[in-house]
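Asker: Dropping in structure_4.txt, with compact mmCIF, C-alpha atoms.
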```
# COMPACT_ATOMS: atom_id res chain seq x y z
CA MET A 1 -24.71 -16.86 39.70
CA SER A 2 -26.14 -20.12 38.40
CA LEU A 3 -26.39 -23.27 40.50
CA LEU A 4 -23.35 -24.71 38.71
CA ASP A 5 -21.35 -21.61 39.59
CA PHE A 6 -22.29 -22.06 43.25
CA LEU A 7 -21.10 -25.68 43.14
CA LYS A 8 -17.62 -24.55 42.17
CA VAL A 9 -17.19 -22.78 45.51
CA PRO A 10 -15.88 -24.99 48.40
CA LEU A 11 -18.28 -23.36 50.87
CA PHE A 12 -21.30 -24.45 48.82
CA GLN A 13 -19.75 -27.85 48.11
CA ARG A 14 -19.56 -28.50 51.87
CA ALA A 15 -23.15 -27.34 52.27
CA PHE A 16 -24.45 -29.71 49.57
CA LEU A 17 -22.42 -32.62 50.93
CA GLY A 18 -23.70 -31.95 54.44
CA CYS A 19 -27.31 -31.84 53.21
CA LEU A 20 -26.86 -35.01 51.16
CA LEU A 21 -25.44 -37.01 54.05
CA SER A 22 -27.74 -35.70 56.76
CA GLY A 23 -30.78 -36.10 54.53
CA ALA A 24 -29.92 -39.73 53.84
CA GLY A 25 -29.09 -40.69 57.43
CA LEU A 26 -30.73 -38.44 59.99
CA SER A 27 -34.25 -38.82 58.63
CA LEU A 28 -34.16 -42.56 59.44
CA LEU A 29 -34.30 -41.66 63.11
CA GLY A 30 -37.59 -39.85 62.58
CA LEU A 31 -39.22 -43.28 62.46
CA VAL A 32 -37.82 -44.02 65.92
CA VAL A 33 -39.24 -40.77 67.34
CA LEU A 34 -42.66 -41.37 65.78
CA ASN A 35 -43.00 -45.06 66.61
CA LEU A 36 -41.64 -44.91 70.16
CA ASN A 37 -43.53 -41.70 70.99
CA LEU A 38 -40.40 -39.76 71.89
CA THR A 39 -41.87 -36.35 71.06
CA THR A 40 -41.29 -34.81 74.49
CA ILE A 41 -37.81 -36.28 74.76
CA ARG A 42 -37.04 -34.99 71.28
CA PHE A 43 -37.87 -31.46 72.37
CA ALA A 44 -35.74 -31.88 75.50
CA LEU A 45 -32.74 -33.13 73.53
CA MET A 46 -33.15 -30.33 71.01
CA HIS A 47 -33.07 -27.67 73.74
CA ILE A 48 -30.13 -29.31 75.48
CA ALA A 49 -28.26 -29.35 72.17
CA LEU A 50 -29.03 -25.65 71.93
CA LEU A 51 -27.63 -25.11 75.43
CA GLY A 52 -24.46 -27.05 74.55
CA ALA A 53 -24.03 -24.98 71.38
CA ALA A 54 -24.56 -21.77 73.37
CA ALA A 55 -21.94 -22.80 75.92
CA ALA A 56 -19.53 -23.64 73.11
CA MET A 57 -20.02 -20.21 71.53
CA VAL A 58 -19.34 -18.52 74.88
CA LEU A 59 -16.17 -20.60 75.39
CA GLY A 60 -15.01 -20.02 71.83
CA PHE A 61 -15.19 -23.44 70.19
CA SER A 62 -17.45 -25.15 67.64
CA PRO A 63 -21.19 -24.98 68.44
CA LEU A 64 -21.61 -28.44 66.89
CA ILE A 65 -19.12 -29.96 69.35
CA GLY A 66 -20.92 -28.28 72.24
CA ALA A 67 -24.27 -29.56 70.99
CA MET A 68 -22.92 -33.10 70.69
CA LEU A 69 -21.45 -33.08 74.20
CA GLY A 70 -24.71 -31.75 75.62
CA ILE A 71 -26.67 -34.44 73.80
CA ILE A 72 -24.44 -37.24 75.11
CA VAL A 73 -24.88 -36.10 78.71
CA ALA A 74 -28.62 -35.57 78.29
CA SER A 75 -29.13 -38.95 76.61
CA LEU A 76 -27.49 -40.66 79.57
CA LEU A 77 -29.70 -38.74 82.00
CA LEU A 78 -32.92 -39.27 80.05
CA GLY A 79 -32.12 -42.87 79.14
CA PRO A 80 -30.16 -45.16 81.51
CA ALA A 81 -30.44 -42.86 84.53
CA GLY A 82 -34.15 -42.39 83.92
CA ASP A 83 -34.63 -46.16 83.81
CA TYR A 84 -32.65 -46.57 87.04
CA ILE A 85 -34.49 -43.98 89.14
CA LYS A 86 -37.88 -44.85 87.60
CA VAL A 87 -38.79 -41.27 86.69
CA ASP A 88 -41.23 -40.67 83.86
CA THR A 89 -39.27 -39.46 80.81
CA GLY A 90 -42.04 -37.02 79.92
CA ILE A 91 -41.61 -35.19 83.24
CA THR A 92 -37.81 -35.13 83.08
CA GLY A 93 -38.03 -34.08 79.44
CA VAL A 94 -40.09 -31.00 80.31
CA ILE A 95 -37.64 -30.06 83.07
CA PHE A 96 -34.65 -30.42 80.77
CA MET A 97 -36.42 -28.57 77.95
CA THR A 98 -37.39 -25.46 79.89
CA GLY A 99 -34.31 -25.35 82.12
CA SER A 100 -31.80 -25.69 79.28
CA LEU A 101 -33.48 -23.01 77.17
CA GLY A 102 -33.54 -20.57 80.10
CA LEU A 103 -29.88 -21.25 80.87
CA ALA A 104 -28.94 -20.77 77.21
CA PHE A 105 -30.52 -17.30 77.20
CA ILE A 106 -28.69 -16.43 80.43
CA LEU A 107 -25.38 -17.49 78.84
CA PHE A 108 -26.06 -15.38 75.77
CA TYR A 109 -26.91 -12.36 77.91
CA LYS A 110 -24.02 -12.60 80.37
CA ALA A 111 -21.40 -13.40 77.72
CA GLY A 112 -22.62 -10.65 75.39
CA VAL A 113 -23.00 -13.01 72.43
CA PRO A 114 -23.97 -10.96 69.34
CA ALA A 115 -27.67 -11.23 68.53
CA MET A 116 -27.04 -12.54 65.01
CA ASP A 117 -24.75 -15.31 66.29
CA ALA A 118 -27.41 -16.39 68.79
CA PHE A 119 -30.12 -16.10 66.14
CA ALA A 120 -28.15 -18.44 63.85
CA LEU A 121 -28.65 -21.28 66.36
CA PHE A 122 -32.40 -20.91 65.99
CA THR A 123 -32.50 -20.54 62.20
CA GLY A 124 -29.46 -22.60 61.17
CA ASN A 125 -26.80 -21.84 58.60
CA VAL A 126 -25.75 -24.78 56.44
CA LEU A 127 -23.30 -22.51 54.60
CA ALA A 128 -21.30 -22.16 57.82
CA LEU A 129 -20.42 -25.87 57.95
CA THR A 130 -16.71 -26.45 58.45
CA ASN A 131 -14.62 -29.44 57.40
CA ALA A 132 -14.85 -30.73 60.98
CA ASP A 133 -18.65 -30.45 60.81
CA ILE A 134 -18.70 -32.44 57.58
CA TRP A 135 -16.57 -35.21 59.09
CA THR A 136 -18.91 -35.29 62.09
CA ILE A 137 -21.92 -35.67 59.79
CA ILE A 138 -20.15 -38.41 57.80
CA ALA A 139 -19.30 -40.32 60.98
CA LEU A 140 -22.81 -40.09 62.41
CA THR A 141 -24.43 -41.08 59.11
CA LEU A 142 -22.19 -44.15 58.86
CA VAL A 143 -23.02 -45.11 62.46
CA ILE A 144 -26.77 -44.75 61.78
CA PHE A 145 -26.57 -46.90 58.65
CA THR A 146 -24.47 -49.51 60.47
CA VAL A 147 -26.88 -49.72 63.41
CA PHE A 148 -29.94 -50.11 61.18
CA ILE A 149 -28.23 -52.76 59.05
CA LEU A 150 -26.78 -54.82 61.90
CA PHE A 151 -29.80 -54.58 64.21
CA TYR A 152 -32.57 -54.35 61.64
CA ARG A 153 -34.62 -57.26 63.02
CA GLU A 154 -34.24 -56.08 66.61
CA ILE A 155 -35.24 -52.53 65.68
CA GLN A 156 -38.19 -53.89 63.71
CA MET A 157 -39.42 -55.83 66.74
CA LEU A 158 -38.80 -52.86 69.06
CA LEU A 159 -40.84 -50.51 66.87
CA TYR A 160 -43.61 -53.08 66.40
CA ASN A 161 -44.05 -54.21 70.02
CA PRO A 162 -41.43 -53.46 72.72
CA ASP A 163 -42.97 -55.88 75.22
CA LEU A 164 -42.98 -58.73 72.72
CA ALA A 165 -39.44 -57.88 71.66
CA GLU A 166 -38.25 -58.03 75.27
CA SER A 167 -39.94 -61.40 75.80
CA LEU A 168 -38.06 -62.71 72.75
CA GLY A 169 -34.72 -61.71 74.23
CA VAL A 170 -34.17 -58.36 72.53
CA PRO A 171 -32.26 -55.95 74.85
CA VAL A 172 -35.04 -53.37 74.55
CA LYS A 173 -33.72 -50.79 77.03
CA LEU A 174 -30.19 -50.89 75.65
CA LEU A 175 -31.40 -50.63 72.07
CA ARG A 176 -33.87 -47.87 72.91
CA ASN A 177 -31.24 -45.85 74.75
CA GLY A 178 -28.79 -46.29 71.89
CA LEU A 179 -31.37 -45.06 69.38
CA LEU A 180 -32.21 -42.21 71.74
CA LEU A 181 -28.55 -41.15 71.75
CA LEU A 182 -28.36 -41.31 67.95
CA THR A 183 -31.58 -39.30 67.71
CA GLY A 184 -30.15 -36.65 69.99
CA LEU A 185 -26.95 -36.42 67.95
CA ALA A 186 -29.05 -36.13 64.78
CA LEU A 187 -30.98 -33.25 66.36
CA GLY A 188 -27.70 -31.55 67.26
CA ILE A 189 -26.53 -31.68 63.64
CA SER A 190 -29.95 -30.59 62.40
CA ILE A 191 -29.72 -27.46 64.57
CA ARG A 192 -26.50 -26.62 62.73
CA ILE A 193 -28.19 -27.09 59.34
CA VAL A 194 -31.76 -25.81 59.70
CA GLY A 195 -31.80 -24.32 63.22
CA ALA A 196 -33.54 -25.23 66.46
CA LEU A 197 -36.86 -23.79 65.33
CA LEU A 198 -37.01 -25.91 62.16
CA VAL A 199 -35.35 -29.12 63.32
CA ASP A 200 -38.43 -31.27 62.62
CA ALA A 201 -38.02 -30.56 58.91
CA ALA A 202 -34.77 -32.54 58.84
CA VAL A 203 -35.73 -35.39 61.16
CA LEU A 204 -39.50 -35.92 61.24
CA LEU A 205 -41.13 -34.66 58.03
CA PRO A 206 -39.29 -37.05 55.66
CA ALA A 207 -40.20 -39.95 57.97
CA ILE A 208 -43.87 -38.90 58.05
CA ALA A 209 -43.92 -38.65 54.26
CA ALA A 210 -42.28 -42.08 53.98
CA MET A 211 -44.90 -43.62 56.28
CA THR A 212 -47.64 -42.52 53.87
CA THR A 213 -46.00 -44.25 50.91
CA SER A 214 -44.80 -47.56 52.37
CA ARG A 215 -46.11 -50.17 54.78
CA SER A 216 -42.94 -52.19 55.46
CA LEU A 217 -40.14 -50.95 57.70
CA LYS A 218 -37.53 -51.50 55.01
CA GLY A 219 -39.54 -49.58 52.42
CA THR A 220 -40.25 -46.79 54.88
CA LEU A 221 -36.56 -46.46 55.78
CA ILE A 222 -35.58 -46.27 52.11
CA MET A 223 -38.25 -43.71 51.27
CA SER A 224 -37.39 -41.68 54.36
CA GLY A 225 -33.79 -41.42 53.22
CA ILE A 226 -34.86 -40.47 49.70
CA PHE A 227 -37.28 -37.80 50.94
CA GLY A 228 -34.64 -36.54 53.36
CA VAL A 229 -32.12 -36.06 50.54
CA LEU A 230 -34.70 -34.45 48.26
CA SER A 231 -35.85 -32.01 50.92
CA GLN A 232 -32.40 -30.97 52.09
CA VAL A 233 -30.52 -30.89 48.79
CA GLY A 234 -33.55 -29.55 46.92
CA GLY A 235 -34.19 -26.93 49.58
CA LEU A 236 -30.56 -25.80 49.55
CA ALA A 237 -30.59 -25.56 45.74
CA ALA A 238 -33.83 -23.55 45.86
CA SER A 239 -32.33 -21.20 48.44
CA MET A 240 -29.43 -20.44 46.10
CA ILE A 241 -31.56 -20.05 42.98
CA PHE A 242 -34.25 -17.87 44.57
CA ASP A 243 -32.08 -16.15 47.23
CA LEU A 244 -33.90 -17.61 50.25
CA PRO A 245 -32.74 -18.47 53.78
CA SER A 246 -31.35 -22.02 53.58
CA GLY A 247 -33.03 -23.37 56.73
CA ALA A 248 -36.46 -22.04 55.78
CA SER A 249 -36.04 -23.25 52.19
CA ILE A 250 -35.15 -26.78 53.36
CA THR A 251 -38.15 -26.74 55.69
CA MET A 252 -40.57 -25.69 52.95
CA SER A 253 -39.15 -28.37 50.65
CA ALA A 254 -39.87 -31.00 53.31
CA VAL A 255 -43.39 -29.60 53.81
CA LEU A 256 -43.98 -29.67 50.04
CA ILE A 257 -42.85 -33.30 49.79
CA LEU A 258 -45.16 -34.23 52.68
CA CYS A 259 -48.10 -32.45 51.02
CA ILE A 260 -47.43 -34.16 47.69
CA THR A 261 -47.19 -37.64 49.22
CA GLY A 262 -50.34 -37.00 51.25
CA PHE A 263 -52.20 -35.83 48.14
CA VAL A 264 -51.04 -38.84 46.11
CA GLN A 265 -52.12 -41.15 48.94
CA LEU A 266 -55.54 -39.46 49.05
CA ILE A 267 -56.01 -39.81 45.28
CA THR A 268 -54.91 -43.45 45.39
CA LYS A 269 -57.37 -44.29 48.19
CA SER A 270 -60.22 -42.55 46.40
CA LYS A 271 -59.50 -44.50 43.19
CA LEU A 272 -59.34 -47.80 45.08
CA GLY A 273 -62.61 -46.91 46.81
CA GLY A 274 -64.21 -46.18 43.47
CA VAL A 275 -63.05 -49.50 42.03
CA SER A 276 -64.43 -51.51 44.95
```
Can you dump the structure from the file as structure tokens?
Answerer:
Amino acid sequence: MSLLDFLKVPLFQRAFLGCLLSGAGLSLLGLVVLNLNLTTIRFALMHIALLGAAAAMVLGFSPLIGAMLGIIVASLLLGPAGDYIKVDTGITGVIFMTGSLGLAFILFYKAGVPAMDAFALFTGNVLALTNADIWTIIALTLVIFTVFILFYREIQMLLYNPDLAESLGVPVKLLRNGLLLLTGLALGISIRIVGALLVDAAVLLPAIAAMTTSRSLKGTLIMSGIFGVLSQVGGLAASMIFDLPSGASITMSAVLILCITGFVQLITKSKLGGVS
């Protein structure tokens, strides 16, 4: 089958639409993770999303819904509750990360979840997206765009200097916790698309590539969305053309884009150095 033949099938249409929307919206949150140093929390949220998806599979409903519910609870515990009890988020993140993964494996074992179904949570399967999944992705993408448009200046100050932003009246903790929740939800959707093992390809790699090509926040956000769409839609197309696993293909597309932008940046710097 050619790529055009694939696009005539509703299953593949949903997959492309899901990749287009998630690529455009979810990658914007990679800038939040990178600039606010939320790496440990990101891992914790990813594993909790995995636990929520595992529980959903055991109970017989959508893994994406389970992942989202797990993320909401975890974001409250790692965000507002963490601020209240004054516990370092890195420590709580490690506890959540290891505990949730262990509990997920126990659920799989005790419930007798088929190995391939459990494996799909780690590798992702964009072709398994349902109409409900697509509507969830649409809603989250719209929320992300709305937040970045309405609170652009506040987010810019938060990412530049949280202490300065707070002194200027920006509700730093509220904004940070809100972005943390959105990041967690983005990770939950990314697990559905590329899997828990490759989630950075959907969220972080496009943002890293964008940061090498632009210096302003607005430019970086735009480029991050563009790179996110190229990596996800391009990776999905490549998986169909060359008969590759979709999650791995999307990941390698994101890696390729990052390598290309890094190489272009290196060549540009060397030329500027030669001119000076």
Asker: Kindly provide, as JSON, the centre and edge lengths (Å, one decimal) of an axis-aligned box around all atoms of region 261-265 of chain A given in the file, with 6 Å on each side.
Answerer:
```
{"center_x": -49.7, "center_y": -38.5, "center_z": 48.7, "size_x": 17.0, "size_y": 17.3, "size_z": 17.1}
```
Asker: For a quick check of understanding, using all atoms listed in the file, which of A:Ala165, A:Val194, A:Leu28, A:Leu3 has the smallest distance to Ser224 (chain A)?
Answerer: A:Leu28
Asker: Point out the residue among A:Gly228, A:Leu20, A:Leu26, A:Pro162 with the least atom-to-atom distance to Ala186 (chain A), counting all atoms listed in the file.
Answerer: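 That would be A:Leu26, the residue with the smallest distance to Ala186 (chain A).
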Asker: What does the structure give for the distance between CA of Leu59 (chain A) and CA of Gly188 (chain A), in Å to one decimal?
Answerer: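 One can read the CA of Leu59 (chain A) to CA of Gly188 (chain A) distance as 17.9 Å.
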Asker: To one decimal place, how far is CA of Tyr152 (chain A) from CA of Ala254 (chain A) in Å?
Answerer: 25.8 Å
Asker: One number please: CA of Ala196 (chain A) to CA of Val172 (chain A), in Å, one decimal.
Answerer: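 These atoms are spaced 29.3 Å apart.
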Asker: Which residue, A:Gly102, A:Pro114, A:Pro206, A:Gly60, has the smallest gap to Leu34 (chain A) when you use all atoms listed in the file?
Answerer: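 The shortest atom-to-atom distance to Leu34 (chain A) comes from A:Pro206.
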Asker: I'd like the contact shell of Leu129 (chain A) - 9 Å cut-off, all atoms listed in the file, skipping same-chain residues fewer than 2 positions apart - returned as an NGL selection string.
Answerer: :A and (11 or 14-15 or 18 or 125-127 or 131-134 or 192-193)
Asker: Which residue, A:Ser75, A:Ser22, A:Thr39, A:Ser249, has the smallest gap to Leu181 (chain A) when you use all atoms listed in the file?
Answerer: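 Of A:Ser75, A:Ser22, A:Thr39, A:Ser249, the one nearest Leu181 (chain A), counting all atoms listed in the file, is A:Ser75.
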Asker: Excluding same-chain residues fewer than 2 positions from Ala44 (chain A), what lies within 6 Å of it counting only C-alpha atoms, as a list in words?
Answerer: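 Within the cut-off, the hits are Ile41, Arg42, Met46, His47, Gly93, Phe96 and Met97 of chain A.
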Asker: Using all atoms listed in the file for the distances, tell me which of A:Ile48, A:Cys19, A:Leu101, A:Ala24 is nearest to Phe227 (chain A).
Answerer: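 Of the candidates, the smallest distance to Phe227 (chain A) is held by A:Ala24.
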Asker: With distances taken over only C-alpha atoms, which residue among A:Leu45, A:Ala104, A:Ala128, A:Ile260 lies nearest Met68 (chain A)?
Answerer: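 For Met68 (chain A), the nearest of the candidates is A:Leu45.
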Asker: Which polymer residues have any atom within 8 Å of an atom of Phe16 (chain A), counting only C-alpha atoms, with same-chain residues fewer than 4 positions away left out, as an MDAnalysis selection string?
Answerer: chainID A and resid 12 20 233 236
Asker: Using all atoms listed in the file, determine which residues lie at most 6 Å from Met211 (chain A), disregarding the query and same-chain residues fewer than 3 positions distant; provide the list as a ChimeraX atom specification.
Answerer: /A:208,214,220
Asker: If you count all atoms listed in the file, which residues fall within 10 Å of Ala54 (chain A), apart from same-chain ones fewer than 5 positions away, as a list of chain:residue names?
Answerer: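 Close residues of Ala54 (chain A): A:Ile48, A:Ala49, A:Leu59, A:Gly60, A:Ser62, A:Pro63, A:Leu64, A:Gly66, A:Ala67, A:Leu101, A:Leu103, A:Ala104, A:Phe105, A:Ile106, A:Leu107, A:Phe108, A:Ala111, A:Val113, A:Asp117, A:Ala118, A:Leu121.
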Asker: Go ahead and write the residues just picked, C-alpha atoms, as a compact mmCIF listing (two decimals), in the coordinates of the input.
Answerer:
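That gives us out32.txt:
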```txt
# COMPACT_ATOMS: atom_id res chain seq x y z
CA ILE A 48 -30.13 -29.31 75.48
CA ALA A 49 -28.26 -29.35 72.17
CA LEU A 59 -16.17 -20.60 75.39
CA GLY A 60 -15.01 -20.02 71.83
CA SER A 62 -17.45 -25.15 67.64
CA PRO A 63 -21.19 -24.98 68.44
CA LEU A 64 -21.61 -28.44 66.89
CA GLY A 66 -20.92 -28.28 72.24
CA ALA A 67 -24.27 -29.56 70.99
CA LEU A 101 -33.48 -23.01 77.17
CA LEU A 103 -29.88 -21.25 80.87
CA ALA A 104 -28.94 -20.77 77.21
CA PHE A 105 -30.52 -17.30 77.20
CA ILE A 106 -28.69 -16.43 80.43
CA LEU A 107 -25.38 -17.49 78.84
CA PHE A 108 -26.06 -15.38 75.77
CA ALA A 111 -21.40 -13.40 77.72
CA VAL A 113 -23.00 -13.01 72.43
CA ASP A 117 -24.75 -15.31 66.29
CA ALA A 118 -27.41 -16.39 68.79
CA LEU A 121 -28.65 -21.28 66.36
```
Asker: May I have the protein, DNA and RNA residues with an atom at most 10 Å from (-44.6, -29.2, 60.2), counting only C-alpha atoms in the file's coordinates, returned as a PyMOL selection string?
Answerer: chain A and resi 198-201+204-205+208+251-252+254-255+258
